[in-house]
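Engineer: Sharing a structure with you now.
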Amino acid sequence: MSVQSGDGADMSALPFLRLLVAGASTVTLVPLVSLVCIYNTKPDFIIKAIRKVVIWRAGLTVKFVTVDGYRFAYAERGRPTETQPSIIFLHGFSTSKDTWANFIKALPRNLHIITLDLPGHGDSDRNPNQDLSMEGQANTLRRFVCAVGLDRKPLHLVGTSMGGGIAGLYAATYRENIALLTLFCPLGVVPPVHSRMMKAYLEGRNMLVPTTLDDFREMAQINSYRYKIGKLKLPDKLLYCALADRTPHNDFFQKLSDELGRKEKWDVLQRSMGNICAPTHVIWGREDDVLDVSGADILREGVSNCRLDILDDCGHVLVNERTRQAVKVFIDFREQVLNGHKK
């Protein structure tokens, strides 16, 4: 596979390898040559390796469950208890279960946690006939919840972006066992202010399916406020590997994007939010360029018993930009609800 930079950036391996061995006193020739070969022939392997490492560091174990011939992939830590609702985390568009690894790593070890690969993402199956609408994905999620035996237990459902929209729709539809709901900048409401991504989309540009390194940099800018303002440095070599990892899946991502982008679906969560009865926590980054923060007030006003926290100096990927602060308000909300305090 060949990935070209829109500005002709040098794609040699050496600067990236210097990053990998920074601080090491010696490097043997064989590992160095191996890294050069991997970078030049299979750059996506580097991203896959990073994913495995962050999953392992969070204490998660990757597992699979098959329902009616469909295989779900997920990572799990801990076991269900009688005193603490289990937590299921749902990632956003074109990412995977490892999105939540750093966040989960910061959570108490006594919690039972699952982070799921949504349909077509990560290691879950990709079915060409699958309903990719958020309503369809919420129904698919139900099959997973039943398969792992959590349909009759109190559940804390958490989602970000697309995963937040799916979590909200699930909570509005399958209300009986949702004890708590947390939505990070969820898709499915129509903010009164258009984000940078939405403005581009209305002009016919899809910023979420990059094909060049320039495209990928722009996608990183709208997702990460710290990257946009230069506080987060992501070497082009790392961006190149990430682009190589996702490019083979662009047809699927484009199909999913087309489904989510249908105008009649823009407010799918907004239309259902009145059916959510679980205590709800909405968390949004003030500098979000993907889904504007003005959508937060829609949920605060439309969902009963809803708490809103807006985090400063972060964008759409706030679970990774402001992990400690996000974990703090997350745990505070959970403890208040479980201890019977009113939001």
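Going by the structure tokens order, chains are called A, B, ..., each with residues numbered from 1, while ligands are numbered from 1 in the order shown.
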DSSP on the backbone, helix (DSSP H, G or I) only: what residues of region 58-265 of chain A does that give? Format it as an MDAnalysis selection string.

Structural biologist: chainID A and resid 97:105 134:147 162:173 175:177 196:202 213:223 225:228 236:260 263:265

Engineer: Mind listing the strand (DSSP E) residues of region 124-275 of chain A, per DSSP on the backbone, as a VMD selection string?

Structural biologist: chain A and resid 155 to 160 178 to 184

Engineer: From the list A:Asn129, A:Gln336, A:Asn177, A:Gln325, which residue is nearest Gly149 (chain A) when using only C-alpha atoms?

Structural biologist: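 When distances to Gly149 (chain A) are compared using only C-alpha atoms, the smallest one comes from A:Asn177.
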
Engineer: My list of candidates is A:Val190, A:Tyr227, A:Glu301, A:Ile331. Which is closest to Gln270 (chain A) when distances are computed with only C-alpha atoms?

Structural biologist: A:Val190

Engineer: Calculate how many Å separate CA of Ser195 (chain A) from CA of Leu232 (chain A), rounding to one decimal.

Structural biologist: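 Separation of CA of Ser195 (chain A) and CA of Leu232 (chain A): 21.1 Å.
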
Engineer: For a quick check of understanding, using only C-alpha atoms, which of A:Thr81, A:Asn110, A:Asn305, A:Ser272 has the smallest distance to Ile166 (chain A)?

Structural biologist: A:Ser272

Engineer: So, counting only C-alpha atoms, which residue among A:Ser294, A:Glu203, A:Thr211, A:Leu269 is closest to Asp245 (chain A)?

Structural biologist: A:Thr211

Engineer: Find the residues near Val327 (chain A): any atom within 10 Å, counting only C-alpha atoms, skip ones fewer than 4 places away on the same chain, and give them as a list of chain:residue names.

Structural biologist: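 Skipping anything fewer than 4 positions along the chain leaves A:Phe103, A:Ile104, A:Lys105, A:Ala106, A:Leu107, A:Val319, A:Arg322, A:Thr323, A:Ile331, A:Asp332, A:Phe333.
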
Engineer: Can you tell me how far CA of Gly122 (chain A) sits from CA of Lys199 (chain A), in Å to one decimal?

Structural biologist: 28.8 Å

Engineer: Need the shell around Pro192 (chain A): protein/DNA/RNA residues with any atom at most 12 Å away, counting only C-alpha atoms. Skip same-chain ones fewer than 5 positions apart. Format as a short mmCIF file (atom, residue, chain, number, x, y, z; two decimals) with all heavy atoms, in the first residue's frame?

Structural biologist:
```
data_model
loop_
_atom_site.label_atom_id
_atom_site.label_comp_id
_atom_site.auth_asym_id
_atom_site.auth_seq_id
_atom_site.Cartn_x
_atom_site.Cartn_y
_atom_site.Cartn_z
N MET A 198 -18.92 20.51 10.44
CA MET A 198 -20.24 20.60 9.82
C MET A 198 -20.25 21.61 8.68
O MET A 198 -20.87 21.39 7.63
CB MET A 198 -21.29 20.97 10.87
CG MET A 198 -22.71 21.08 10.31
SD MET A 198 -23.26 19.60 9.41
CE MET A 198 -23.50 18.46 10.77
N ASP A 267 -30.89 14.57 13.85
CA ASP A 267 -31.44 14.80 15.20
C ASP A 267 -32.02 13.54 15.81
O ASP A 267 -32.92 13.60 16.65
CB ASP A 267 -32.51 15.90 15.15
CG ASP A 267 -33.74 15.50 14.33
OD1 ASP A 267 -33.65 14.52 13.55
OD2 ASP A 267 -34.79 16.17 14.46
N LEU A 291 -18.40 18.37 16.78
CA LEU A 291 -19.79 18.59 17.19
C LEU A 291 -19.79 19.76 18.17
O LEU A 291 -19.28 19.64 19.27
CB LEU A 291 -20.37 17.33 17.84
CG LEU A 291 -20.41 16.08 16.95
CD1 LEU A 291 -20.77 14.84 17.76
CD2 LEU A 291 -21.37 16.26 15.78
N ASP A 292 -20.36 20.86 17.75
CA ASP A 292 -20.23 22.09 18.53
C ASP A 292 -20.85 21.95 19.92
O ASP A 292 -21.90 21.31 20.10
CB ASP A 292 -20.90 23.26 17.79
CG ASP A 292 -20.56 24.59 18.43
OD1 ASP A 292 -19.47 25.13 18.15
OD2 ASP A 292 -21.39 25.08 19.23
N VAL A 293 -20.19 22.58 20.89
CA VAL A 293 -20.60 22.49 22.29
C VAL A 293 -21.99 23.07 22.53
O VAL A 293 -22.63 22.76 23.55
CB VAL A 293 -19.55 23.20 23.18
CG1 VAL A 293 -19.55 24.70 22.92
CG2 VAL A 293 -19.77 22.88 24.65
N SER A 294 -22.51 23.86 21.62
CA SER A 294 -23.86 24.41 21.79
C SER A 294 -24.93 23.32 21.80
O SER A 294 -26.06 23.55 22.24
CB SER A 294 -24.17 25.44 20.69
OG SER A 294 -24.06 24.85 19.39
N GLY A 295 -24.57 22.11 21.34
CA GLY A 295 -25.52 21.00 21.41
C GLY A 295 -25.73 20.48 22.82
O GLY A 295 -26.73 19.80 23.10
N ALA A 296 -24.83 20.83 23.73
CA ALA A 296 -24.93 20.32 25.10
C ALA A 296 -26.19 20.82 25.80
O ALA A 296 -26.84 20.07 26.54
CB ALA A 296 -23.69 20.74 25.89
N ASP A 297 -26.55 22.07 25.58
CA ASP A 297 -27.73 22.62 26.25
C ASP A 297 -29.01 21.96 25.78
O ASP A 297 -29.99 21.88 26.53
CB ASP A 297 -27.81 24.14 26.01
CG ASP A 297 -26.81 24.91 26.85
OD1 ASP A 297 -26.48 24.44 27.96
OD2 ASP A 297 -26.36 25.97 26.41
N ILE A 298 -29.03 21.48 24.54
CA ILE A 298 -30.21 20.78 24.03
C ILE A 298 -30.48 19.54 24.88
O ILE A 298 -31.63 19.27 25.27
CB ILE A 298 -30.02 20.40 22.55
CG1 ILE A 298 -29.95 21.66 21.69
CG2 ILE A 298 -31.14 19.47 22.08
CD1 ILE A 298 -29.61 21.39 20.24
#
```
